[in-house]
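> Coordinates in protein_9.txt, compact mmCIF, C-alpha atoms, are listed below.
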```txt
# COMPACT_ATOMS: atom_id res chain seq x y z
CA MET X 1 87.70 -76.25 -125.45
CA HIS X 2 86.72 -77.09 -121.88
CA ASP X 3 88.10 -73.74 -120.70
CA PHE X 4 86.00 -71.93 -123.27
CA PHE X 5 82.66 -73.64 -122.66
CA SER X 6 83.22 -73.42 -118.89
CA PHE X 7 84.51 -69.85 -118.54
CA GLY X 8 83.91 -68.16 -121.89
CA HIS X 9 87.63 -67.86 -122.67
CA ILE X 10 90.81 -69.92 -122.76
CA ARG X 11 92.79 -69.58 -119.53
CA ARG X 12 96.51 -69.12 -119.36
CA PRO X 13 98.86 -70.66 -120.26
CA ARG X 14 96.72 -72.57 -122.80
CA SER X 15 95.52 -71.26 -126.15
CA ILE X 16 93.00 -72.61 -128.66
CA PHE X 17 95.86 -73.53 -130.99
CA ASN X 18 97.96 -76.68 -130.85
CA GLU X 19 101.57 -76.07 -129.74
CA VAL X 20 100.87 -72.45 -128.76
CA VAL X 21 100.88 -71.26 -125.14
CA SER X 22 100.66 -67.80 -123.63
CA LEU X 23 103.41 -66.27 -121.53
CA PRO X 24 102.18 -65.81 -117.95
CA PRO X 25 101.90 -62.24 -116.59
CA ALA X 26 105.14 -60.73 -115.22
CA HIS X 27 107.30 -63.43 -116.84
CA PHE X 28 110.01 -63.38 -119.43
CA LEU X 29 110.97 -66.23 -121.77
CA LYS X 30 114.61 -67.26 -121.77
CA LEU X 31 115.90 -68.87 -124.97
CA GLY X 32 119.33 -70.42 -125.30
CA ALA X 33 121.28 -71.98 -128.16
CA THR X 34 120.37 -75.38 -126.72
CA GLY X 35 117.92 -76.80 -124.22
CA GLU X 36 114.35 -75.94 -123.31
CA ALA X 37 112.91 -72.44 -123.29
CA LEU X 38 112.33 -71.28 -119.71
CA ALA X 39 109.60 -68.92 -118.49
CA GLU X 40 110.74 -67.09 -115.36
CA PRO X 41 108.87 -64.48 -113.25
CA TYR X 42 110.35 -61.03 -112.67
CA TRP X 43 107.57 -60.03 -110.23
CA MET X 44 104.82 -61.83 -108.34
CA PRO X 45 101.95 -60.33 -106.33
CA ARG X 46 101.77 -61.43 -102.72
CA PHE X 47 99.68 -60.46 -99.71
CA GLN X 48 101.76 -58.81 -96.98
CA ALA X 49 100.93 -57.40 -93.57
CA GLY X 50 100.53 -53.63 -93.83
CA ALA X 51 101.67 -50.85 -91.58
CA ASP X 52 99.95 -50.23 -88.24
CA LEU X 53 97.88 -47.23 -89.32
CA THR X 54 94.58 -45.73 -88.31
CA GLU X 55 91.66 -46.03 -90.67
CA ALA X 56 91.95 -42.34 -91.54
CA ASP X 57 95.64 -42.78 -92.40
CA TRP X 58 94.88 -45.77 -94.64
CA ILE X 59 92.25 -43.73 -96.47
CA GLU X 60 94.72 -40.88 -96.96
CA GLN X 61 97.28 -43.35 -98.31
CA MET X 62 94.62 -44.62 -100.70
CA ARG X 63 94.20 -41.10 -102.08
CA GLU X 64 97.94 -40.60 -102.42
CA GLN X 65 98.48 -43.96 -104.11
CA LEU X 66 95.57 -43.45 -106.51
CA VAL X 67 96.68 -39.97 -107.52
CA GLY X 68 100.28 -41.15 -107.88
CA THR X 69 99.56 -44.11 -110.15
CA THR X 70 97.09 -42.08 -112.21
CA GLN X 71 99.57 -39.26 -112.66
CA ARG X 72 102.18 -41.71 -113.95
CA HIS X 73 99.67 -43.07 -116.44
CA LEU X 74 98.86 -39.56 -117.68
CA GLN X 75 102.39 -39.12 -119.00
CA ALA X 76 102.14 -38.99 -122.81
CA ASP X 77 102.95 -36.79 -125.76
CA VAL X 78 99.30 -36.99 -126.87
CA GLU X 79 96.00 -36.18 -125.16
CA VAL X 80 94.80 -38.80 -122.67
CA GLY X 81 91.09 -39.51 -122.23
CA ALA X 82 89.22 -42.02 -120.07
CA PHE X 83 86.41 -44.57 -120.13
CA LEU X 84 83.69 -43.62 -117.65
CA SER X 85 81.02 -46.22 -116.86
CA GLY X 86 79.40 -44.47 -113.92
CA GLY X 87 80.81 -46.98 -111.44
CA ILE X 88 83.24 -46.24 -108.64
CA ASP X 89 86.43 -47.55 -110.31
CA SER X 90 86.37 -45.51 -113.51
CA SER X 91 84.99 -42.52 -111.57
CA ALA X 92 87.91 -42.72 -109.14
CA VAL X 93 90.44 -42.81 -111.98
CA VAL X 94 88.79 -39.87 -113.78
CA ALA X 95 88.60 -37.89 -110.52
CA ALA X 96 92.29 -38.48 -109.83
CA ALA X 97 93.20 -37.62 -113.42
CA SER X 98 91.17 -34.40 -113.26
CA ARG X 99 93.19 -33.32 -110.23
CA ARG X 100 96.52 -33.79 -112.02
CA SER X 101 95.84 -33.11 -115.69
CA GLY X 102 96.47 -29.67 -117.13
CA ARG X 103 93.45 -29.94 -119.43
CA ARG X 104 89.83 -31.07 -119.35
CA ILE X 105 89.63 -34.86 -119.53
CA LYS X 106 87.62 -36.32 -122.39
CA THR X 107 85.42 -39.14 -121.07
CA PHE X 108 83.54 -41.83 -123.03
CA THR X 109 80.44 -43.80 -122.02
CA ILE X 110 78.24 -46.45 -123.65
CA GLY X 111 74.49 -46.12 -123.16
CA TYR X 112 71.49 -48.46 -123.60
CA PRO X 113 68.40 -46.22 -123.84
CA GLY X 114 65.50 -47.69 -121.90
CA ALA X 115 67.49 -50.60 -120.43
CA ARG X 116 67.70 -51.17 -116.67
CA ILE X 117 71.51 -51.34 -116.77
CA ASP X 118 71.95 -48.02 -118.58
CA GLU X 119 74.44 -45.90 -116.60
CA SER X 120 74.89 -43.11 -119.09
CA ALA X 121 72.95 -40.55 -117.01
CA ALA X 122 75.08 -41.28 -113.93
CA ALA X 123 78.28 -41.09 -115.97
CA ARG X 124 77.24 -37.76 -117.47
CA ARG X 125 76.56 -36.30 -114.04
CA ILE X 126 79.97 -37.42 -112.77
CA ALA X 127 81.67 -35.96 -115.84
CA GLU X 128 79.91 -32.64 -115.36
CA HIS X 129 80.84 -32.60 -111.67
CA LEU X 130 84.52 -33.16 -112.56
CA GLY X 131 84.54 -30.68 -115.43
CA CYS X 132 85.14 -33.25 -118.18
CA ASP X 133 84.27 -33.10 -121.87
CA HIS X 134 81.85 -36.03 -122.02
CA PHE X 135 80.79 -38.19 -124.98
CA VAL X 136 78.04 -40.86 -125.04
CA MET X 137 77.47 -43.59 -127.63
CA ASN X 138 74.20 -45.52 -127.50
CA LEU X 139 74.05 -49.21 -128.49
CA SER X 140 71.25 -51.50 -129.61
CA ALA X 141 70.93 -55.22 -130.24
CA SER X 142 71.23 -54.65 -134.00
CA ASP X 143 74.64 -53.02 -133.42
CA ALA X 144 75.77 -56.20 -131.66
CA VAL X 145 74.51 -58.45 -134.46
CA GLU X 146 76.38 -56.40 -137.05
CA LEU X 147 79.57 -56.37 -134.98
CA LEU X 148 79.88 -60.04 -134.00
CA PRO X 149 81.86 -61.39 -137.01
CA ARG X 150 84.40 -58.53 -136.78
CA LEU X 151 84.62 -58.93 -133.01
CA VAL X 152 85.52 -62.59 -133.34
CA GLN X 153 88.30 -61.75 -135.80
CA CYS X 154 89.98 -59.20 -133.55
CA TYR X 155 90.19 -61.64 -130.61
CA ASP X 156 91.92 -64.42 -132.63
CA GLU X 157 90.61 -67.04 -130.20
CA PRO X 158 86.97 -67.65 -129.29
CA PHE X 159 86.24 -65.14 -126.52
CA ALA X 160 82.75 -64.93 -125.03
CA ASP X 161 82.87 -62.05 -122.57
CA MET X 162 79.75 -60.08 -123.48
CA ALA X 163 81.37 -56.87 -122.23
CA ALA X 164 83.68 -57.13 -125.25
CA ILE X 165 80.84 -55.60 -127.29
CA PRO X 166 80.59 -52.28 -125.40
CA THR X 167 84.40 -52.25 -124.96
CA TRP X 168 84.85 -52.56 -128.73
CA PHE X 169 82.38 -49.75 -129.44
CA ALA X 170 83.76 -47.54 -126.66
CA SER X 171 87.26 -47.99 -128.08
CA LYS X 172 86.13 -47.17 -131.61
CA PHE X 173 84.28 -44.11 -130.31
CA ALA X 174 87.18 -42.88 -128.15
CA ALA X 175 89.73 -43.40 -130.95
CA GLU X 176 87.93 -40.73 -132.94
CA HIS X 177 88.96 -38.18 -130.28
CA VAL X 178 92.10 -39.42 -128.42
CA LYS X 179 94.92 -41.95 -128.77
CA VAL X 180 95.16 -43.02 -125.11
CA VAL X 181 92.48 -43.76 -122.48
CA LEU X 182 92.63 -44.54 -118.77
CA CYS X 183 90.46 -47.43 -117.54
CA GLY X 184 89.26 -48.70 -114.16
CA GLU X 185 90.13 -52.39 -114.48
CA GLY X 186 91.59 -53.88 -111.31
CA GLY X 187 89.62 -52.01 -108.66
CA ASP X 188 87.21 -54.87 -108.00
CA GLU X 189 89.96 -57.49 -107.88
CA LEU X 190 92.16 -55.53 -105.47
CA PHE X 191 89.49 -54.15 -103.15
CA ALA X 192 86.73 -56.83 -103.12
CA GLY X 193 84.16 -55.22 -105.38
CA TYR X 194 82.21 -58.27 -106.57
CA LYS X 195 79.19 -59.87 -104.94
CA ARG X 196 81.06 -63.20 -105.08
CA HIS X 197 83.68 -61.73 -102.74
CA ARG X 198 81.00 -60.93 -100.16
CA ASN X 199 79.60 -64.42 -100.57
CA ALA X 200 83.00 -66.04 -100.02
CA ARG X 201 83.55 -64.23 -96.73
CA ALA X 202 79.99 -64.85 -95.53
CA ILE X 203 80.25 -68.57 -96.29
CA GLU X 204 83.58 -68.87 -94.48
CA ARG X 205 82.10 -67.24 -91.39
CA ALA X 206 78.93 -69.34 -91.50
CA ARG X 207 80.60 -72.64 -92.39
CA PRO X 208 79.50 -74.56 -89.24
CA LEU X 209 75.87 -73.57 -89.79
CA ILE X 210 76.02 -74.37 -93.51
CA ASP X 211 77.42 -77.84 -92.78
CA ALA X 212 74.64 -78.41 -90.26
CA ILE X 213 71.83 -77.64 -92.71
CA GLY X 214 73.54 -79.35 -95.65
CA PRO X 215 70.63 -81.72 -96.38
CA LEU X 216 68.33 -78.75 -96.99
CA GLN X 217 70.51 -77.66 -99.90
CA SER X 218 69.41 -80.65 -101.96
CA LEU X 219 65.82 -79.37 -101.76
CA ILE X 220 66.79 -76.26 -103.73
CA GLY X 221 67.59 -78.41 -106.73
CA ARG X 222 64.02 -79.71 -106.75
CA ILE X 223 62.28 -76.31 -106.86
CA PRO X 224 59.98 -76.54 -109.92
CA VAL X 225 59.86 -74.18 -112.89
CA THR X 226 56.90 -71.77 -112.83
CA GLY X 227 55.24 -69.39 -115.25
CA SER X 228 57.04 -66.44 -113.63
CA GLU X 229 60.25 -65.39 -115.34
CA ARG X 230 61.41 -63.55 -112.22
CA PHE X 231 60.81 -66.58 -109.99
CA ASN X 232 62.60 -68.86 -112.46
CA TYR X 233 65.64 -66.60 -112.45
CA LEU X 234 65.65 -66.53 -108.63
CA ARG X 235 65.38 -70.33 -108.65
CA GLN X 236 68.40 -70.50 -110.95
CA HIS X 237 70.46 -68.21 -108.68
CA ALA X 238 69.50 -70.23 -105.61
CA GLN X 239 70.62 -73.46 -107.27
CA ARG X 240 73.92 -71.94 -108.25
CA PHE X 241 74.45 -70.57 -104.74
CA ALA X 242 73.69 -73.99 -103.24
CA GLU X 243 76.47 -75.43 -105.39
CA PHE X 244 78.79 -72.58 -104.41
CA VAL X 245 78.42 -72.99 -100.64
CA ARG X 246 79.40 -76.65 -100.67
CA LEU X 247 82.91 -75.86 -101.90
CA PRO X 248 85.67 -75.88 -99.26
CA ASP X 249 87.73 -72.74 -99.96
CA GLY X 250 87.99 -69.48 -101.86
CA TYR X 251 89.85 -70.97 -104.83
CA GLN X 252 87.23 -73.60 -105.63
CA GLN X 253 84.48 -71.04 -105.06
CA PHE X 254 86.28 -68.79 -107.54
CA PHE X 255 86.14 -71.45 -110.26
CA ALA X 256 82.46 -72.07 -109.60
CA ALA X 257 81.60 -68.36 -109.56
CA THR X 258 83.42 -67.49 -112.78
CA GLN X 259 81.85 -70.27 -114.82
CA ILE X 260 79.33 -69.09 -117.40
CA SER X 261 76.84 -71.79 -116.38
CA ARG X 262 76.32 -74.45 -113.69
CA ARG X 263 77.91 -77.88 -113.86
CA ALA X 264 74.41 -79.37 -113.99
CA LEU X 265 73.86 -77.60 -117.32
CA HIS X 266 77.28 -78.75 -118.54
CA ARG X 267 76.14 -82.32 -117.85
CA GLU X 268 73.18 -81.79 -120.16
CA LEU X 269 75.10 -79.94 -122.88
CA TYR X 270 78.43 -81.73 -123.14
CA SER X 271 78.80 -84.88 -125.17
CA GLU X 272 79.49 -87.97 -123.08
CA ALA X 273 83.13 -88.16 -124.19
CA PHE X 274 83.72 -84.44 -123.49
CA TRP X 275 82.12 -84.70 -120.04
CA ASP X 276 84.02 -87.84 -119.07
CA ARG X 277 87.34 -86.32 -120.07
CA HIS X 278 87.04 -82.97 -118.30
CA GLU X 279 84.21 -82.85 -115.74
CA ALA X 280 85.22 -85.38 -113.10
CA GLU X 281 83.63 -85.04 -109.68
CA GLU X 282 86.78 -83.33 -108.40
CA SER X 283 87.08 -80.88 -111.29
CA TYR X 284 87.24 -77.79 -109.03
CA ALA X 285 89.90 -79.44 -106.86
CA ARG X 286 91.86 -80.33 -109.98
CA LEU X 287 91.75 -76.73 -111.19
CA GLU X 288 92.85 -75.48 -107.76
CA SER X 289 95.89 -77.77 -107.77
CA GLU X 290 96.76 -76.67 -111.32
CA TYR X 291 96.76 -72.94 -110.61
CA PHE X 292 97.10 -72.39 -106.87
CA PRO X 293 99.51 -74.61 -104.94
CA PRO X 294 99.45 -74.36 -101.12
CA GLY X 295 100.62 -70.94 -99.92
CA ALA X 296 100.14 -69.24 -103.31
CA GLY X 297 100.37 -65.47 -103.00
CA GLY X 298 100.28 -65.59 -99.20
CA ALA X 299 96.47 -65.79 -99.35
CA ASP X 300 95.05 -67.14 -96.07
CA SER X 301 91.33 -66.39 -95.86
CA ALA X 302 88.71 -67.42 -98.39
CA LEU X 303 88.36 -63.76 -99.42
CA GLU X 304 92.10 -63.38 -100.02
CA GLN X 305 92.14 -66.60 -102.03
CA PHE X 306 89.26 -65.31 -104.13
CA LEU X 307 90.94 -61.93 -104.69
CA PHE X 308 94.25 -63.57 -105.60
CA ALA X 309 92.55 -65.86 -108.12
CA ASP X 310 90.62 -62.97 -109.66
CA LEU X 311 93.79 -60.87 -109.91
CA THR X 312 96.21 -63.47 -111.26
CA LEU X 313 93.96 -65.70 -113.39
CA ASN X 314 90.70 -64.02 -114.35
CA MET X 315 92.23 -60.58 -114.85
CA PRO X 316 94.83 -61.53 -117.50
CA SER X 317 92.80 -64.33 -119.12
CA ALA X 318 89.52 -62.42 -119.40
CA MET X 319 89.42 -58.78 -118.30
CA LEU X 320 92.68 -57.55 -119.81
CA THR X 321 92.30 -59.72 -122.91
CA ARG X 322 88.92 -58.08 -123.47
CA LEU X 323 90.34 -54.57 -123.08
CA ASP X 324 93.57 -55.12 -124.99
CA ARG X 325 92.08 -56.68 -128.14
CA ALA X 326 89.16 -54.28 -128.36
CA SER X 327 91.27 -51.16 -127.87
CA MET X 328 94.14 -52.21 -130.13
CA ALA X 329 91.65 -53.08 -132.89
CA HIS X 330 91.29 -49.28 -133.13
CA SER X 331 94.93 -48.36 -132.40
CA LEU X 332 93.84 -47.02 -129.03
CA GLU X 333 96.21 -47.42 -126.08
CA ALA X 334 94.29 -48.43 -122.94
CA ARG X 335 96.09 -47.86 -119.62
CA VAL X 336 95.12 -49.36 -116.26
CA PRO X 337 96.34 -47.27 -113.29
CA PHE X 338 95.05 -49.75 -110.68
CA LEU X 339 97.31 -52.46 -112.12
CA SER X 340 100.66 -50.72 -111.86
CA HIS X 341 102.78 -53.30 -110.02
CA LYS X 342 103.73 -50.63 -107.48
CA PHE X 343 100.09 -49.91 -106.76
CA VAL X 344 99.26 -53.63 -106.57
CA ASP X 345 102.09 -54.20 -104.08
CA TRP X 346 100.62 -51.49 -101.87
CA ALA X 347 97.01 -52.67 -102.29
CA LEU X 348 97.94 -56.17 -101.12
CA THR X 349 99.01 -54.70 -97.77
CA VAL X 350 95.63 -53.05 -97.10
CA PRO X 351 93.75 -54.86 -94.29
CA GLU X 352 90.84 -57.01 -95.40
CA LYS X 353 88.42 -55.09 -93.15
CA LEU X 354 89.12 -51.92 -95.14
CA LYS X 355 88.32 -53.61 -98.43
CA LEU X 356 85.08 -55.30 -97.45
CA ARG X 357 83.14 -53.50 -94.69
CA GLY X 358 79.88 -55.31 -93.97
CA ASN X 359 78.26 -55.67 -97.40
CA THR X 360 80.19 -52.73 -98.84
CA GLY X 361 83.01 -53.70 -101.16
CA LYS X 362 85.88 -51.32 -102.01
CA PHE X 363 85.21 -49.50 -98.76
CA ILE X 364 88.60 -47.77 -98.62
CA LEU X 365 88.37 -46.64 -102.25
CA ARG X 366 84.86 -45.28 -101.77
CA GLU X 367 85.90 -43.34 -98.68
CA ALA X 368 89.01 -41.97 -100.39
CA VAL X 369 87.23 -40.53 -103.42
CA ALA X 370 83.96 -39.51 -101.72
CA PRO X 371 85.09 -35.84 -101.37
CA TRP X 372 85.79 -35.68 -105.11
CA LEU X 373 82.49 -37.05 -106.47
CA PRO X 374 78.74 -36.35 -106.26
CA ALA X 375 77.35 -37.47 -102.92
CA ASP X 376 75.46 -40.59 -104.07
CA VAL X 377 78.08 -42.03 -106.45
CA THR X 378 79.96 -44.02 -103.84
CA LYS X 379 76.71 -45.63 -102.69
CA ARG X 380 75.46 -46.79 -106.09
CA PRO X 381 75.29 -50.59 -106.58
CA LYS X 382 77.75 -52.11 -109.01
CA GLN X 383 76.48 -52.60 -112.57
CA GLY X 384 79.63 -53.54 -114.43
CA PHE X 385 80.51 -52.92 -118.07
CA GLN X 386 77.85 -55.12 -119.67
CA ILE X 387 75.05 -55.37 -122.20
CA PRO X 388 71.35 -56.18 -121.53
CA HIS X 389 72.07 -59.69 -122.79
CA ALA X 390 69.12 -61.58 -121.29
CA SER X 391 66.54 -59.43 -123.09
CA TRP X 392 68.57 -59.06 -126.31
CA LEU X 393 68.99 -62.84 -126.59
CA ARG X 394 65.25 -63.40 -126.30
CA ARG X 395 64.72 -61.40 -129.47
CA ALA X 396 66.64 -60.72 -132.71
CA PHE X 397 70.10 -61.18 -131.19
CA GLY X 398 69.02 -64.61 -129.96
CA ASP X 399 67.75 -65.53 -133.42
CA PHE X 400 71.15 -64.55 -134.82
CA ALA X 401 72.94 -66.65 -132.20
CA ARG X 402 70.79 -69.64 -133.08
CA GLN X 403 71.51 -69.11 -136.77
CA LEU X 404 75.26 -69.12 -136.07
CA TRP X 405 74.93 -72.41 -134.18
CA ASN X 406 72.90 -74.06 -136.94
CA GLU X 407 75.03 -72.84 -139.85
CA SER X 408 78.52 -73.13 -138.34
CA GLY X 409 78.88 -76.91 -138.26
CA VAL X 410 79.74 -76.90 -134.54
CA ALA X 411 76.97 -79.44 -133.97
CA ASP X 412 79.15 -81.98 -135.78
CA ALA X 413 82.33 -81.17 -133.80
CA GLY X 414 81.51 -83.56 -130.96
CA TYR X 415 81.63 -81.13 -128.02
CA LEU X 416 77.95 -80.33 -127.43
CA LYS X 417 74.71 -82.26 -127.82
CA PRO X 418 72.60 -80.59 -130.55
CA ALA X 419 69.25 -81.44 -128.91
CA ALA X 420 70.42 -80.00 -125.57
CA VAL X 421 71.60 -76.80 -127.25
CA GLU X 422 68.21 -76.35 -128.91
CA ARG X 423 66.52 -76.87 -125.54
CA VAL X 424 68.73 -74.15 -123.98
CA PHE X 425 67.78 -71.68 -126.70
CA ASP X 426 64.10 -72.52 -126.18
CA GLU X 427 64.24 -72.24 -122.36
CA HIS X 428 65.90 -68.84 -122.56
CA ARG X 429 63.35 -67.47 -125.01
CA ARG X 430 60.46 -68.68 -122.81
CA GLY X 431 61.97 -67.22 -119.62
CA VAL X 432 62.38 -70.62 -117.96
CA ALA X 433 66.01 -69.75 -117.17
CA ASP X 434 68.62 -67.15 -118.04
CA HIS X 435 71.04 -69.02 -120.31
CA GLY X 436 72.36 -65.82 -121.86
CA ARG X 437 76.05 -66.37 -121.13
CA ILE X 438 76.26 -69.92 -122.48
CA ILE X 439 74.13 -69.00 -125.52
CA TYR X 440 76.49 -66.12 -126.25
CA ALA X 441 79.46 -68.48 -125.92
CA ILE X 442 77.86 -70.93 -128.36
CA ALA X 443 77.25 -68.09 -130.83
CA ILE X 444 80.82 -66.80 -130.52
CA PHE X 445 82.24 -70.27 -130.99
CA GLY X 446 80.03 -70.79 -134.04
CA ALA X 447 81.32 -67.58 -135.62
CA TRP X 448 84.93 -68.46 -134.75
CA TRP X 449 84.51 -72.06 -136.01
CA MET X 450 83.23 -70.87 -139.39
CA GLY X 451 86.14 -68.46 -139.72
CA ALA X 452 88.69 -71.12 -138.73
CA ARG X 453 87.29 -73.60 -141.24
CA GLN X 454 87.27 -71.06 -144.03
CA SER X 455 90.89 -70.07 -143.39
```
Write out the structure in this file as C-alpha cells.


Amino acid sequence: MHDFFSFGHIRRPRSIFNEVVSLPPAHFLKLGATGEALAEPYWMPRFQAGADLTEADWIEQMREQLVGTTQRHLQADVEVGAFLSGGIDSSAVVAAASRRSGRRIKTFTIGYPGARIDESAAARRIAEHLGCDHFVMNLSASDAVELLPRLVQCYDEPFADMAAIPTWFASKFAAEHVKVVLCGEGGDELFAGYKRHRNARAIERARPLIDAIGPLQSLIGRIPVTGSERFNYLRQHAQRFAEFVRLPDGYQQFFAATQISRRALHRELYSEAFWDRHEAEESYARLESEYFPPGAGGADSALEQFLFADLTLNMPSAMLTRLDRASMAHSLEARVPFLSHKFVDWALTVPEKLKLRGNTGKFILREAVAPWLPADVTKRPKQGFQIPHASWLRRAFGDFARQLWNESGVADAGYLKPAAVERVFDEHRRGVADHGRIIYAIAIFGAWWMGARQS
C-alpha cells in the first residue's frame, strides 16, 4: 500500500496480494522436490567502460545497434506496426524499422485536440517523412471516465500511471490493424532522457555550493499561495526541487523524483499509523539499501545511479507493466527494441558525456537519427506519453475521481485521512496546487477497492 500511494504502483518483488511476489527481471525460479524455491538471475545489466572511439564512431555504432535490434524485432509471420508519439524514441524506432522493413510501416498516435501536450501533428509529419501509413485516435476526458473501471480490471493490481489511458486506447486502436507493434520504451532510461537526469548531474556538480546555501532552501517552503495558478505550480515545483537537492546520491534522488507527490503531502494525507510505519525520516535511505546495495550495477556517478534505478526498478515495475497489460488486453504484442539485452549491454558502455551533453539528453541517439528525420524533430522538448491530467481533473474527470473516493469505502480502510483527501481535491480544483497524480491514484485505488470487495 505504501508503494502504491508513494509511486502509483507496487514495486517488485512485492504485489498487492498476500503471499504473492513477482519474479524479478532476468531471473528464473528453481523448484525442487524439497527445500525453498530459489530465484536466480541469468543476466544482469552493468555499466562497463566502452571502447576508445571517436564521437563520430560512437554515433555510427549507435545507428548500427539501433538498426540491428529493430530488425530483430521486425521478425514475425504477421505485419508489424509501431506506436509513434512524436518524440525521439518512437521516431528513432520507426525510422530504423522503415529502413529495414519490406513494406510501409503502420504507425499509431493518440491526439488531444486543443491541448498543449498534443503531439499528433508532429507525429503525422514524421510518419509522412518516413513514408508510413499513419493513424490518429483522439481522446477526451469523457473517454477516460468511461474507460477507468475496465482499465483497473486489466491491470489486476491498483496501477496509477496516467499514461495507461492513452496506452490502452492506442493498443485497442492498433489491434484493429496489426497484431504486433514496436515501441520506444527504454530510450530515456538508457540515454538520460528525463529532466530528473539533468538535475541529478547538475546537483552532483554543484554540491559544495548547494551545501553552502542550505539554509536558504528552508525559505522555499514558506513561499505563500497566491491567486495565480501558474505561480502556485512554480511554487510547488520549487518546493519539490528543494527536497530533491538535499538528498546525497542518485539513488535517493531517484526515489524522490519518481514519487507521485511530496513527502510533505504524504504527512498530511496518511493516517498516523500508516505514516509511522512507513515514512520514517530515513525512508529514502531505507529504500536505497533495499534495492541498491553498494556497487550495484557498477554505477559510480549520480547520473549512472539514477539511470540504473530507472532501468532496473521503474522500468519493470511501472513502464513495462503499463505497456504489457494494456497491449495484452487487446491481444496485441508490444515489442521494445531498446530493451533487447544485447542492446542494453552495449548502451551501458556508452560514455556518459555522449548521453547527456549540456542540457541535451539522449545526445548520441539524436545525432544518430538526425539524418533520417525532419530537421526539427531531434530538437523538440520531451512531452512523454501522457494525458492533460491537470485540466481534466479540474472538471468532469475530477468529479468522477471524487465520486470513486466517496463511494468506494476507501475512507474507512485506515490508510488516508478523509478530511485531507477532500482538501486535496479542493486545492486542485482551485489551482492552489497540481495534485493530479495523487488524485488519480486515489481514484484508481477506489475503483480497484470496490472491485476487490465485490469479488

> What does the distance between CA of Pro13 in chain X and CA of Gln259 in chain X come to in Å, to one decimal place?

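Rounded to one decimal, the two atoms are 17.9 Å apart.
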
> With distances taken over only C-alpha atoms, which residue among X:Arg286, X:His27, X:Arg100, X:Arg46 lies nearest Val350 in chain X?

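Counting only C-alpha atoms, the residue closest to Val350 in chain X is X:Arg46.
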
> Just to confirm, what's the straight-line distance from CA of Leu416 in chain X to CA of Ala273 in chain X in Å (one decimal)?

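These atoms are spaced 9.9 Å apart.
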
> Taking only residues of range 163-207 of chain X that have an atom at most 9 Å from an atom of range 70-84 of chain X, what is each one's shortest atom pair and its distance in Å to one decimal, using only C-alpha atoms, in chain and number order, as JSON lines?


```
{"residue": "X:Ala170", "atom": "CA", "partner": "X:Phe83", "partner_atom": "CA", "distance": 7.6}
{"residue": "X:Ser171", "atom": "CA", "partner": "X:Phe83", "partner_atom": "CA", "distance": 8.7}
{"residue": "X:Ala174", "atom": "CA", "partner": "X:Gly81", "partner_atom": "CA", "distance": 7.9}
{"residue": "X:His177", "atom": "CA", "partner": "X:Gly81", "partner_atom": "CA", "distance": 8.4}
{"residue": "X:Val178", "atom": "CA", "partner": "X:Glu79", "partner_atom": "CA", "distance": 6.0}
{"residue": "X:Lys179", "atom": "CA", "partner": "X:Val80", "partner_atom": "CA", "distance": 6.9}
{"residue": "X:Val180", "atom": "CA", "partner": "X:Val80", "partner_atom": "CA", "distance": 4.9}
{"residue": "X:Val181", "atom": "CA", "partner": "X:Ala82", "partner_atom": "CA", "distance": 4.4}
{"residue": "X:Leu182", "atom": "CA", "partner": "X:Ala82", "partner_atom": "CA", "distance": 4.4}
{"residue": "X:Cys183", "atom": "CA", "partner": "X:Phe83", "partner_atom": "CA", "distance": 5.6}
{"residue": "X:Gly184", "atom": "CA", "partner": "X:Phe83", "partner_atom": "CA", "distance": 7.8}
```

> Can those selected residues be exported to a file as an mmCIF file, keeping the file's coordinate frame so that it contains C-alpha atoms?


```
data_model
loop_
_atom_site.group_PDB
_atom_site.id
_atom_site.type_symbol
_atom_site.label_atom_id
_atom_site.label_comp_id
_atom_site.auth_asym_id
_atom_site.auth_seq_id
_atom_site.Cartn_x
_atom_site.Cartn_y
_atom_site.Cartn_z
ATOM 1 C CA ALA X 170 83.760 -47.540 -126.660
ATOM 2 C CA SER X 171 87.260 -47.990 -128.080
ATOM 3 C CA ALA X 174 87.180 -42.880 -128.150
ATOM 4 C CA HIS X 177 88.960 -38.180 -130.280
ATOM 5 C CA VAL X 178 92.100 -39.420 -128.420
ATOM 6 C CA LYS X 179 94.920 -41.950 -128.770
ATOM 7 C CA VAL X 180 95.160 -43.020 -125.110
ATOM 8 C CA VAL X 181 92.480 -43.760 -122.480
ATOM 9 C CA LEU X 182 92.630 -44.540 -118.770
ATOM 10 C CA CYS X 183 90.460 -47.430 -117.540
ATOM 11 C CA GLY X 184 89.260 -48.700 -114.160
#
```

> Expressed in Å to a single decimal, how great is the separation between CA of Arg325 in chain X and CA of Arg196 in chain X?

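A separation of 26.4 Å between them.
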
> Go ahead and fit an axis-aligned box to every listed atom of range 321-335 of chain X plus 8 Å each side, and pass me the centre and edge lengths in Å, one decimal, as lines of an AutoDock Vina configuration file.


```
center_x = 92.6
center_y = -53.4
center_z = -126.4
size_x = 23.3
size_y = 28.7
size_z = 29.5
```

> Take the point (85.7, -68.0, -95.5) in the file's coordinates, draw a sphere of radius 7 Å around it, and report as an mmCIF file with C-alpha atoms, in the coordinates of the input every protein, DNA or RNA residue with an atom inside or on it, counting all atoms listed in the file.


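Writing the result to point.cif gives the following:
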```cif
data_model
loop_
_atom_site.group_PDB
_atom_site.id
_atom_site.type_symbol
_atom_site.label_atom_id
_atom_site.label_comp_id
_atom_site.auth_asym_id
_atom_site.auth_seq_id
_atom_site.Cartn_x
_atom_site.Cartn_y
_atom_site.Cartn_z
ATOM 1 C CA ALA X 200 83.000 -66.040 -100.020
ATOM 2 C CA ARG X 201 83.550 -64.230 -96.730
ATOM 3 C CA ALA X 202 79.990 -64.850 -95.530
ATOM 4 C CA ILE X 203 80.250 -68.570 -96.290
ATOM 5 C CA GLU X 204 83.580 -68.870 -94.480
ATOM 6 C CA ARG X 205 82.100 -67.240 -91.390
ATOM 7 C CA ASP X 249 87.730 -72.740 -99.960
ATOM 8 C CA GLY X 250 87.990 -69.480 -101.860
ATOM 9 C CA SER X 301 91.330 -66.390 -95.860
ATOM 10 C CA ALA X 302 88.710 -67.420 -98.390
ATOM 11 C CA LEU X 303 88.360 -63.760 -99.420
#
```

> Nearest to Leu339 in chain X: which of X:Ser91, X:Ser6, X:Thr34, X:Gln65 is it, counting all atoms listed in the file?

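Smallest distance to Leu339 in chain X is found for X:Gln65.
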